[in-house]
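*Asks:* Sharing work.pdb, PDB, C-alpha atoms:
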```pdb
ATOM      1  CA  MET A   1     -81.562-218.741  10.180  1.00  0.00           C
ATOM      2  CA  GLU A   2     -78.037-220.064  10.837  1.00  0.00           C
ATOM      3  CA  LYS A   3     -74.971-217.869  10.589  1.00  0.00           C
ATOM      4  CA  PRO A   4     -73.224-218.472   7.223  1.00  0.00           C
ATOM      5  CA  VAL A   5     -70.169-220.731   7.358  1.00  0.00           C
ATOM      6  CA  ILE A   6     -68.000-218.427   5.246  1.00  0.00           C
ATOM      7  CA  GLU A   7     -67.260-214.761   5.783  1.00  0.00           C
ATOM      8  CA  PHE A   8     -65.823-212.984   2.769  1.00  0.00           C
ATOM      9  CA  HIS A   9     -63.057-210.374   2.773  1.00  0.00           C
ATOM     10  CA  LEU A  10     -61.584-208.301  -0.034  1.00  0.00           C
ATOM     11  CA  ASP A  11     -58.003-207.231  -0.609  1.00  0.00           C
ATOM     12  CA  ALA A  12     -57.935-204.044  -2.680  1.00  0.00           C
ATOM     13  CA  ARG A  13     -54.143-204.427  -3.175  1.00  0.00           C
ATOM     14  CA  SER A  14     -54.340-207.917  -4.697  1.00  0.00           C
ATOM     15  CA  GLY A  15     -55.027-206.789  -8.260  1.00  0.00           C
ATOM     16  CA  VAL A  16     -57.729-209.485  -8.439  1.00  0.00           C
ATOM     17  CA  SER A  17     -61.269-208.322  -9.204  1.00  0.00           C
ATOM     18  CA  PRO A  18     -63.687-208.436  -6.236  1.00  0.00           C
ATOM     19  CA  TYR A  19     -65.980-211.008  -7.852  1.00  0.00           C
ATOM     20  CA  LEU A  20     -63.020-213.305  -8.541  1.00  0.00           C
ATOM     21  CA  GLN A  21     -61.792-212.901  -4.954  1.00  0.00           C
ATOM     22  CA  LEU A  22     -65.207-214.145  -3.767  1.00  0.00           C
ATOM     23  CA  VAL A  23     -65.072-217.112  -6.168  1.00  0.00           C
ATOM     24  CA  GLN A  24     -61.519-217.993  -5.035  1.00  0.00           C
ATOM     25  CA  GLN A  25     -62.491-217.780  -1.359  1.00  0.00           C
ATOM     26  CA  VAL A  26     -65.380-220.200  -1.916  1.00  0.00           C
ATOM     27  CA  ARG A  27     -63.116-222.603  -3.837  1.00  0.00           C
ATOM     28  CA  HIS A  28     -60.518-222.452  -1.039  1.00  0.00           C
ATOM     29  CA  ALA A  29     -63.189-223.069   1.615  1.00  0.00           C
ATOM     30  CA  LEU A  30     -64.484-226.045  -0.391  1.00  0.00           C
ATOM     31  CA  ARG A  31     -60.983-227.432  -0.863  1.00  0.00           C
ATOM     32  CA  LEU A  32     -60.169-227.092   2.856  1.00  0.00           C
ATOM     33  CA  GLY A  33     -63.457-228.598   4.006  1.00  0.00           C
ATOM     34  CA  VAL A  34     -64.621-225.329   5.605  1.00  0.00           C
ATOM     35  CA  LEU A  35     -67.676-225.350   3.338  1.00  0.00           C
ATOM     36  CA  ARG A  36     -69.500-228.626   2.863  1.00  0.00           C
ATOM     37  CA  GLU A  37     -72.296-229.872   0.680  1.00  0.00           C
ATOM     38  CA  GLY A  38     -75.599-228.478   1.949  1.00  0.00           C
ATOM     39  CA  ASP A  39     -74.096-225.407   3.655  1.00  0.00           C
ATOM     40  CA  GLN A  40     -75.919-222.165   2.982  1.00  0.00           C
ATOM     41  CA  MET A  41     -73.954-219.326   1.419  1.00  0.00           C
ATOM     42  CA  PRO A  42     -74.352-215.804   2.811  1.00  0.00           C
ATOM     43  CA  THR A  43     -77.166-213.935   1.078  1.00  0.00           C
ATOM     44  CA  VAL A  44     -76.254-211.314  -1.503  1.00  0.00           C
ATOM     45  CA  LYS A  45     -77.697-208.711   0.872  1.00  0.00           C
ATOM     46  CA  GLU A  46     -75.423-209.915   3.723  1.00  0.00           C
ATOM     47  CA  VAL A  47     -72.297-209.854   1.543  1.00  0.00           C
ATOM     48  CA  VAL A  48     -73.150-206.387   0.205  1.00  0.00           C
ATOM     49  CA  ALA A  49     -73.663-205.076   3.759  1.00  0.00           C
ATOM     50  CA  HIS A  50     -70.465-206.701   5.062  1.00  0.00           C
ATOM     51  CA  LEU A  51     -68.145-205.717   2.190  1.00  0.00           C
ATOM     52  CA  ALA A  52     -69.829-202.542   0.922  1.00  0.00           C
ATOM     53  CA  ILE A  53     -69.741-203.765  -2.693  1.00  0.00           C
ATOM     54  CA  ASN A  54     -72.296-203.800  -5.496  1.00  0.00           C
ATOM     55  CA  ALA A  55     -74.880-206.596  -5.435  1.00  0.00           C
ATOM     56  CA  ASN A  56     -74.063-207.369  -9.098  1.00  0.00           C
ATOM     57  CA  THR A  57     -70.499-208.274  -8.047  1.00  0.00           C
ATOM     58  CA  VAL A  58     -71.811-210.873  -5.595  1.00  0.00           C
ATOM     59  CA  LEU A  59     -74.375-212.143  -8.099  1.00  0.00           C
ATOM     60  CA  LYS A  60     -71.646-212.533 -10.745  1.00  0.00           C
ATOM     61  CA  ALA A  61     -69.514-214.586  -8.317  1.00  0.00           C
ATOM     62  CA  TYR A  62     -72.470-216.776  -7.298  1.00  0.00           C
ATOM     63  CA  ARG A  63     -73.428-217.292 -10.980  1.00  0.00           C
ATOM     64  CA  GLU A  64     -69.887-218.423 -11.796  1.00  0.00           C
ATOM     65  CA  LEU A  65     -69.888-220.828  -8.855  1.00  0.00           C
ATOM     66  CA  GLU A  66     -73.282-222.119  -9.973  1.00  0.00           C
ATOM     67  CA  HIS A  67     -71.996-222.558 -13.548  1.00  0.00           C
ATOM     68  CA  GLU A  68     -69.106-224.622 -12.109  1.00  0.00           C
ATOM     69  CA  GLY A  69     -71.622-226.823 -10.277  1.00  0.00           C
ATOM     70  CA  LEU A  70     -70.373-225.819  -6.839  1.00  0.00           C
ATOM     71  CA  VAL A  71     -73.485-223.999  -5.585  1.00  0.00           C
ATOM     72  CA  ALA A  72     -77.169-223.841  -6.499  1.00  0.00           C
ATOM     73  CA  ALA A  73     -79.643-221.037  -5.915  1.00  0.00           C
ATOM     74  CA  ARG A  74     -83.031-221.990  -4.482  1.00  0.00           C
ATOM     75  CA  PRO A  75     -85.396-219.080  -5.184  1.00  0.00           C
ATOM     76  CA  GLY A  76     -86.784-217.620  -1.995  1.00  0.00           C
ATOM     77  CA  VAL A  77     -84.553-219.845   0.152  1.00  0.00           C
ATOM     78  CA  GLY A  78     -80.919-219.014  -0.625  1.00  0.00           C
ATOM     79  CA  THR A  79     -77.786-220.333  -2.289  1.00  0.00           C
ATOM     80  CA  PHE A  80     -76.417-223.664  -1.124  1.00  0.00           C
ATOM     81  CA  VAL A  81     -73.194-225.617  -1.629  1.00  0.00           C
ATOM     82  CA  THR A  82     -73.819-228.572  -3.945  1.00  0.00           C
ATOM     83  CA  ALA A  83     -70.307-229.990  -4.371  1.00  0.00           C
ATOM     84  CA  THR A  84     -67.002-230.156  -2.578  1.00  0.00           C
ATOM     85  CA  LEU A  85     -63.392-229.880  -3.707  1.00  0.00           C
ATOM     86  CA  THR A  86     -61.836-231.812  -0.824  1.00  0.00           C
ATOM     87  CA  ASP A  87     -59.869-234.934  -1.562  1.00  0.00           C
ATOM     88  CA  ALA A  88     -57.855-237.589   0.263  1.00  0.00           C
ATOM     89  CA  SER A  89     -55.132-235.025   1.047  1.00  0.00           C
ATOM     90  CA  LEU A  90     -57.429-233.263   3.563  1.00  0.00           C
ATOM     91  CA  ALA A  91     -56.005-235.433   6.393  1.00  0.00           C
ATOM     92  CA  ALA A  92     -52.537-234.007   5.708  1.00  0.00           C
ATOM     93  CA  HIS A  93     -53.729-230.411   6.142  1.00  0.00           C
ATOM     94  CA  GLY A  94     -53.528-230.339   9.963  1.00  0.00           C
ATOM     95  CA  PRO A  95     -49.831-231.254  10.273  1.00  0.00           C
ATOM     96  CA  LEU A  96     -48.919-229.092   7.272  1.00  0.00           C
ATOM     97  CA  ARG A  97     -50.817-226.134   8.752  1.00  0.00           C
ATOM     98  CA  GLN A  98     -48.836-226.547  12.011  1.00  0.00           C
ATOM     99  CA  GLU A  99     -45.536-226.575  10.095  1.00  0.00           C
ATOM    100  CA  LEU A 100     -46.611-223.519   8.128  1.00  0.00           C
ATOM    101  CA  ARG A 101     -47.556-221.683  11.335  1.00  0.00           C
ATOM    102  CA  ARG A 102     -44.093-222.429  12.755  1.00  0.00           C
ATOM    103  CA  TRP A 103     -42.516-221.161   9.539  1.00  0.00           C
ATOM    104  CA  LEU A 104     -44.650-217.982   9.673  1.00  0.00           C
ATOM    105  CA  ASP A 105     -43.604-217.384  13.291  1.00  0.00           C
ATOM    106  CA  LYS A 106     -39.956-217.811  12.268  1.00  0.00           C
ATOM    107  CA  ALA A 107     -40.392-215.393   9.326  1.00  0.00           C
ATOM    108  CA  ARG A 108     -42.016-212.773  11.584  1.00  0.00           C
ATOM    109  CA  ARG A 109     -39.240-213.144  14.183  1.00  0.00           C
ATOM    110  CA  ALA A 110     -36.774-212.565  11.319  1.00  0.00           C
ATOM    111  CA  GLY A 111     -38.479-209.211  10.734  1.00  0.00           C
ATOM    112  CA  LEU A 112     -40.616-209.960   7.663  1.00  0.00           C
ATOM    113  CA  ASP A 113     -43.989-208.214   7.431  1.00  0.00           C
ATOM    114  CA  ASP A 114     -47.062-209.889   5.922  1.00  0.00           C
ATOM    115  CA  GLU A 115     -46.446-208.503   2.434  1.00  0.00           C
ATOM    116  CA  SER A 116     -42.824-209.741   2.464  1.00  0.00           C
ATOM    117  CA  ILE A 117     -43.899-213.175   3.726  1.00  0.00           C
ATOM    118  CA  GLU A 118     -46.527-213.441   0.987  1.00  0.00           C
ATOM    119  CA  ALA A 119     -44.044-212.329  -1.684  1.00  0.00           C
ATOM    120  CA  LEU A 120     -41.433-214.851  -0.479  1.00  0.00           C
ATOM    121  CA  PHE A 121     -43.979-217.662  -0.361  1.00  0.00           C
ATOM    122  CA  MET A 122     -45.552-216.929  -3.764  1.00  0.00           C
ATOM    123  CA  THR A 123     -42.196-216.487  -5.508  1.00  0.00           C
ATOM    124  CA  THR A 124     -40.918-219.764  -4.051  1.00  0.00           C
ATOM    125  CA  PHE A 125     -44.216-221.496  -4.844  1.00  0.00           C
ATOM    126  CA  ARG A 126     -44.166-220.362  -8.495  1.00  0.00           C
ATOM    127  CA  THR A 127     -40.477-221.221  -8.939  1.00  0.00           C
ATOM    128  CA  THR A 128     -41.036-224.702  -7.503  1.00  0.00           C
ATOM    129  CA  ALA A 129     -44.113-225.252  -9.688  1.00  0.00           C
ATOM    130  CA  GLN A 130     -42.135-224.239 -12.789  1.00  0.00           C
ATOM    131  CA  GLU A 131     -39.279-226.563 -11.834  1.00  0.00           C
ATOM    132  CA  ASP A 132     -41.763-229.415 -11.416  1.00  0.00           C
ATOM    133  CA  ILE A 133     -43.063-228.790 -14.945  1.00  0.00           C
ATOM    134  CA  ALA A 134     -39.601-228.633 -16.510  1.00  0.00           C
TER     135      ALA A 134
END
```
Written as structure tokens, how would this file's structure read?

*Replies:*
Amino acid sequence: MEKPVIEFHLDARSGVSPYLQLVQQVRHALRLGVLREGDQMPTVKEVVAHLAINANTVLKAYRELEHEGLVAARPGVGTFVTATLTDASLAAHGPLRQELRRWLDKARRAGLDDESIEALFMTTFRTTAQEDIA
């Protein structure tokens, strides 16, 4: 059996429930082209062993993804990606990722830790999104 394409992680400080963190990570991987149609998801047993969480949490996340039409369970075989969220903007990701890495390096050299960088980014992101709506 192949190694799963995605490896989940949980952030206890995020305030986001573990099942929702798993769902968001799958959506992000689909949007970024990391997960593609036909890829096999890690088994519930693998996720439980890796993250030390309850199997029902993983099942709830997989059920939500299945309800959204993003994955499908094949009994006795596994859960597989059935749709993607990538679009034409995927080609722009590489150059934008490089710019973002340079910005992150600059922020770290300025003395910001990861939490400060995330706070600065998210605050700016939300403010910009609200300005775009107004």

*Asks:* Which residues are near range 77-86 of chain A? Cut-off 12 Å, all atoms listed in the file, ignore same chain within fewer than 5 positions. Put them as a ChimeraX atom specification.

*Replies:* /A:1-2,4-6,26-46,58-59,61-63,65-72,91-93

*Asks:* In Å, with one decimal, what is the gap from CA of His50 in chain A to CA of Glu115 in chain A?

*Replies:* 24.2 Å

*Asks:* Using all atoms listed in the file, determine which residues lie at most 12 Å from Asp114 in chain A, disregarding the query and same-chain residues fewer than 6 positions distant; provide the list as a VMD selection string.

*Replies:* chain A and resid 104 to 105 107 to 108 120 to 121

*Asks:* Report the residues retrieved by the PyMOL selection byres ((chain A and resi 20) around 10) from the displayed file, expressed as JSON, numbers by chain.

*Replies:* {"A": [10, 16, 17, 18, 19, 21, 22, 23, 24, 25, 26, 57, 58, 60, 61, 64]}

*Asks:* Could you please determine the separation between CA of Phe8 in chain A and CA of Ala52 in chain A in Å, to one decimal place?

*Replies:* 11.3 Å

*Asks:* Within 7 Å of Leu51 in chain A, counting only C-alpha atoms, which residues show up once you throw out same-chain ones fewer than 3 positions away? Write them as number ranges by chain, please.

*Replies:* A: 9, 47-48

*Asks:* Write out as lines of an AutoDock Vina configuration file an axis-aligned box for range 74-83 of chain A: all of its atoms listed in the file, 6 Å added on each side, centre and edge lengths in Å with one decimal.

*Replies:*
```
center_x = -78.5
center_y = -223.8
center_z = -2.5
size_x = 28.5
size_y = 24.4
size_z = 17.3
```

*Asks:* What does the distance from CA of Lys106 in chain A to CA of Leu90 in chain A come to in Å, to one decimal?

*Replies:*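 Going from CA of Lys106 in chain A over to CA of Leu90 in chain A covers 24.9 Å.
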